[in-house]
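J.: I have a structure I would like to understand better, so I am pasting it below and will then ask my questions one at a time.
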Amino acid sequence: MAQGLTCIRVPLDTPLDLEATLFSGQDFRWDREGDGYVGWLGDAPVLLQRAPSGLVALTSLPEGEAHARLRRFLRLDDDLDAIRTALAGDGVLARCMASWPGLRLVRLEPWPALAFFLCSQHAPIPRITRMLNALAQALGEPVVFLGRERWRFPTPTAIAGAGPERLAALRLGYRAEYLWRTACLLAQGRAHLDVLASLPTEEARRRLLALPGVGEKVADCVLLLGFGRTDAFPVDRWVRRALVEWYGLPPPYTERRLRAWAQERWGSLAGYAQLYLFHHRRTVHLLQ
DNA sequence: ATTTACCCTACATT
DNA sequence: AAATGTAGGGTAA
């Protein structure tokens, strides 16, 4: 084992499909390396590998911290069996979940989540990944892990300091201006993400919507993935298609109307429902 | 409440 | 072969 690294083992009693989980548009900062995956637990690089009975993780974090962050990232304290059972009463969701038994919801840190989904608008996953990698390499702090240099995701201050032109040069397009302005507000202390954690979802949502470049879809992604609000239900074109095609909802329904329908139906598990609907609808499309 | 323009990329079609 | 068209995890005017 490499020097100074901690290896932890996490037994799992529920399925875990790392490939689906890490590349399904929830997080964008993972690389396949050998039969494992290198990504991030907050600011710490980590190597994740499946083992017969669970998961093996290699990091420079102390053991306790590594366990805590991994549990948080993969939401291992959620009772996935209970969640799946509750949702499987819905035949459509039952099929989605059966197709992707190891797909899990992840949990990100608030600031990267906000930056990720600001950049995600109107872009396919490979492009989002490129934009975020470019941002990290240009403005993030370098870390050597497993013999390679990697870059932490840049802070709001680093992005604010770069200026909109430099961000645009990273091929962010019109998102450059949004990301820069939002980073400036946070860096100057004129907006705060940490306080949102203690607010009800609707109030937190209102505050996110006040940030430049944050509309309903992005706000809901930040709530779901960055703040762990499983009652949030992001409606993008894939989810819209799923609701129209599989539940017969009228195509002209507004995003707000679709969201209200889903939250009424699935309540605090709406975010889980969204994950399975989104991923299944999208992968069905990719197979065609 | 609806429509439109916005930056950029990948891929299909002509 | 180069040009044109289209769709893509949306937001703000």
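Residues are named by chain letter and number: chains run A, B, ... in the order of the structure tokens, numbers start at 1 in each chain, and ligands are numbered from 1 in the order shown.
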For chain A, work out the contacting residues on chain C at 8 Å, counting only C-alpha atoms (C1' of nucleotides), and write them as a PDB file with N, CA, C and O atoms (P, O5', C5', C4', C3', O3' and C1' of nucleotides), in the first residue's frame.
T.:
```pdb
ATOM      1  P    DG C   8     -32.850  16.421 -26.917  1.00  0.00           P
ATOM      2  O5'  DG C   8     -31.550  16.808 -26.107  1.00  0.00           O
ATOM      3  C5'  DG C   8     -30.387  15.997 -26.205  1.00  0.00           C
ATOM      4  C4'  DG C   8     -29.278  16.722 -25.503  1.00  0.00           C
ATOM      5  C3'  DG C   8     -29.690  17.303 -24.145  1.00  0.00           C
ATOM      6  O3'  DG C   8     -28.836  16.795 -23.133  1.00  0.00           O
ATOM      7  C1'  DG C   8     -28.545  18.915 -25.444  1.00  0.00           C
ATOM      8  P    DG C   9     -29.530  15.666 -22.188  1.00  0.00           P
ATOM      9  O5'  DG C   9     -30.379  16.489 -21.116  1.00  0.00           O
ATOM     10  C5'  DG C   9     -29.909  16.708 -19.963  1.00  0.00           C
ATOM     11  C4'  DG C   9     -30.600  17.795 -19.192  1.00  0.00           C
ATOM     12  C3'  DG C   9     -29.821  19.090 -19.212  1.00  0.00           C
ATOM     13  O3'  DG C   9     -30.695  20.133 -18.801  1.00  0.00           O
ATOM     14  C1'  DG C   9     -29.694  18.118 -17.102  1.00  0.00           C
ATOM     15  P    DG C  10     -31.398  21.017 -19.837  1.00  0.00           P
ATOM     16  O5'  DG C  10     -31.261  22.442 -19.145  1.00  0.00           O
ATOM     17  C5'  DG C  10     -31.794  22.619 -17.833  1.00  0.00           C
ATOM     18  C4'  DG C  10     -31.370  23.969 -17.355  1.00  0.00           C
ATOM     19  C3'  DG C  10     -32.459  24.701 -16.587  1.00  0.00           C
ATOM     20  O3'  DG C  10     -31.831  25.451 -15.578  1.00  0.00           O
ATOM     21  C1'  DG C  10     -31.966  25.897 -18.570  1.00  0.00           C
ATOM     22  P    DT C  11     -32.694  26.380 -14.607  1.00  0.00           P
ATOM     23  O5'  DT C  11     -32.355  27.807 -15.193  1.00  0.00           O
ATOM     24  C5'  DT C  11     -31.005  28.238 -15.149  1.00  0.00           C
ATOM     25  C4'  DT C  11     -30.909  29.657 -15.652  1.00  0.00           C
ATOM     26  C3'  DT C  11     -31.847  30.644 -14.953  1.00  0.00           C
ATOM     27  O3'  DT C  11     -31.067  31.765 -14.567  1.00  0.00           O
ATOM     28  C1'  DT C  11     -32.160  30.736 -17.305  1.00  0.00           C
TER      29       DT C  11
END
```
J.: Do a neighbour search on Thr157 (chain A) at 12 Å with only C-alpha atoms (C1' of nucleotides), toss out local chain neighbours closer than 6 positions, and write the hits as a list in words.
T.: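 Here the answer would be Trp111, Leu139, Gly140, Gly163, Leu179, Trp180, Arg181, Thr182, Ala183, Cys184, Leu185, Leu186, Ala187, Gln188 and Gly189 of chain A.
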J.: Could you please tell me, as a PyMOL selection string, which residues of chain A have an atom within 7 Å of chain B when using only C-alpha atoms (C1' of nucleotides)?
T.: chain A and resi 171+173-174
J.: Step one, run DSSP on the backbone; step two, keep only residues of region 37-227 of chain A assigned to helix (DSSP H, G or I); then write them as a VMD selection string.
T.: chain A and resid 63 to 73 80 to 87 91 to 99 110 to 120 125 to 139 156 to 172 175 to 187 194 to 198 201 to 209 216 to 226
J.: By how many Å are CA of Cys96 (chain A) and CA of Leu225 (chain A) apart?
T.: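 Result for CA of Cys96 (chain A) versus CA of Leu225 (chain A): 19.9 Å, one decimal.
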J.: Where does DSSP see strand (DSSP E) in region 28-267 of chain A, if you list the residues as JSON, numbers by chain?
T.: {"A": [31, 32, 33, 36, 37, 38, 39, 40, 41, 44, 45, 46, 47, 48, 49, 50, 51, 54, 55, 56, 57, 58, 59, 142, 143, 144, 145, 148, 149, 150, 151]}
J.: Which polymer residues have any atom within 12 Å of an atom of Ala204 (chain A), counting only C-alpha atoms (C1' of nucleotides), with same-chain residues fewer than 5 positions away left out, as a PyMOL selection string?
T.: chain A and resi 110+192-199+209-211+216+219-220+222-224+226-227+229+232
J.: Would you kindly return, as a tab-separated table (two decimals) with all heavy atoms, in the first residue's frame, each protein, DNA or RNA residue with an atom no farther than 8 Å from any atom of region 71-76 of chain A, considering only C-alpha atoms (C1' of nucleotides) and excluding same-chain residues fewer than 4 positions away?
T.:
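The resulting file, result_13.tsv, is shown below:
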```tsv
chain	number	residue	atom	x	y	z
A	41	LEU	N	-13.94	12.67	-1.74
A	41	LEU	CA	-14.82	12.76	-0.57
A	41	LEU	C	-14.57	14.14	0.00
A	41	LEU	O	-13.60	14.34	0.74
A	41	LEU	CB	-14.50	11.67	0.44
A	41	LEU	CG	-14.73	10.22	-0.03
A	41	LEU	CD1	-14.28	9.23	1.04
A	41	LEU	CD2	-16.20	10.00	-0.40
A	67	HIS	N	-14.46	6.81	6.97
A	67	HIS	CA	-15.75	6.12	7.11
A	67	HIS	C	-16.90	7.11	7.09
A	67	HIS	O	-17.89	6.92	6.39
A	67	HIS	CB	-15.78	5.33	8.44
A	67	HIS	CG	-15.35	3.92	8.29
A	67	HIS	ND1	-14.17	3.43	8.81
A	67	HIS	CD2	-15.94	2.88	7.65
A	67	HIS	CE1	-14.05	2.15	8.49
A	67	HIS	NE2	-15.10	1.79	7.80
A	104	ARG	N	-27.49	4.35	-6.68
A	104	ARG	CA	-27.75	5.02	-5.40
A	104	ARG	C	-27.71	6.52	-5.56
A	104	ARG	O	-27.00	7.04	-6.42
A	104	ARG	CB	-26.69	4.60	-4.37
A	104	ARG	CG	-26.66	3.12	-4.07
A	104	ARG	CD	-25.84	2.84	-2.84
A	104	ARG	NE	-26.52	3.32	-1.65
A	104	ARG	CZ	-26.91	2.52	-0.65
A	104	ARG	NH1	-26.69	1.24	-0.69
A	104	ARG	NH2	-27.51	3.02	0.41
A	105	LEU	N	-28.45	7.20	-4.70
A	105	LEU	CA	-28.38	8.65	-4.60
A	105	LEU	C	-27.09	9.00	-3.86
A	105	LEU	O	-26.75	8.35	-2.89
A	105	LEU	CB	-29.60	9.14	-3.82
A	105	LEU	CG	-29.83	10.65	-3.71
A	105	LEU	CD1	-30.08	11.26	-5.08
A	105	LEU	CD2	-31.01	10.93	-2.78
A	106	VAL	N	-26.37	10.04	-4.33
A	106	VAL	CA	-25.18	10.46	-3.59
A	106	VAL	C	-25.43	11.80	-2.93
A	106	VAL	O	-26.45	12.46	-3.17
A	106	VAL	CB	-23.93	10.53	-4.50
A	106	VAL	CG1	-23.70	9.21	-5.20
A	106	VAL	CG2	-24.00	11.70	-5.46
A	107	ARG	N	-24.49	12.16	-2.09
A	107	ARG	CA	-24.59	13.46	-1.44
A	107	ARG	C	-23.29	14.23	-1.63
A	107	ARG	O	-22.21	13.74	-1.32
A	107	ARG	CB	-24.87	13.27	0.05
A	107	ARG	CG	-24.84	14.57	0.79
A	107	ARG	CD	-25.91	14.69	1.82
A	107	ARG	NE	-25.93	16.05	2.33
A	107	ARG	CZ	-26.54	16.41	3.43
A	107	ARG	NH1	-27.19	15.51	4.13
A	107	ARG	NH2	-26.52	17.66	3.82
A	108	LEU	N	-23.41	15.44	-2.16
A	108	LEU	CA	-22.25	16.28	-2.43
A	108	LEU	C	-22.18	17.38	-1.38
A	108	LEU	O	-23.08	17.54	-0.57
A	108	LEU	CB	-22.38	16.92	-3.82
A	108	LEU	CG	-22.70	15.97	-4.98
A	108	LEU	CD1	-22.94	16.78	-6.26
A	108	LEU	CD2	-21.57	14.98	-5.18
```
J.: Expressed in Å to a single decimal, how great is the separation between CA of Thr6 (chain A) and CA of Ser60 (chain A)?
T.: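 If I compute the distance from CA of Thr6 (chain A) to CA of Ser60 (chain A), I get 5.7 Å.
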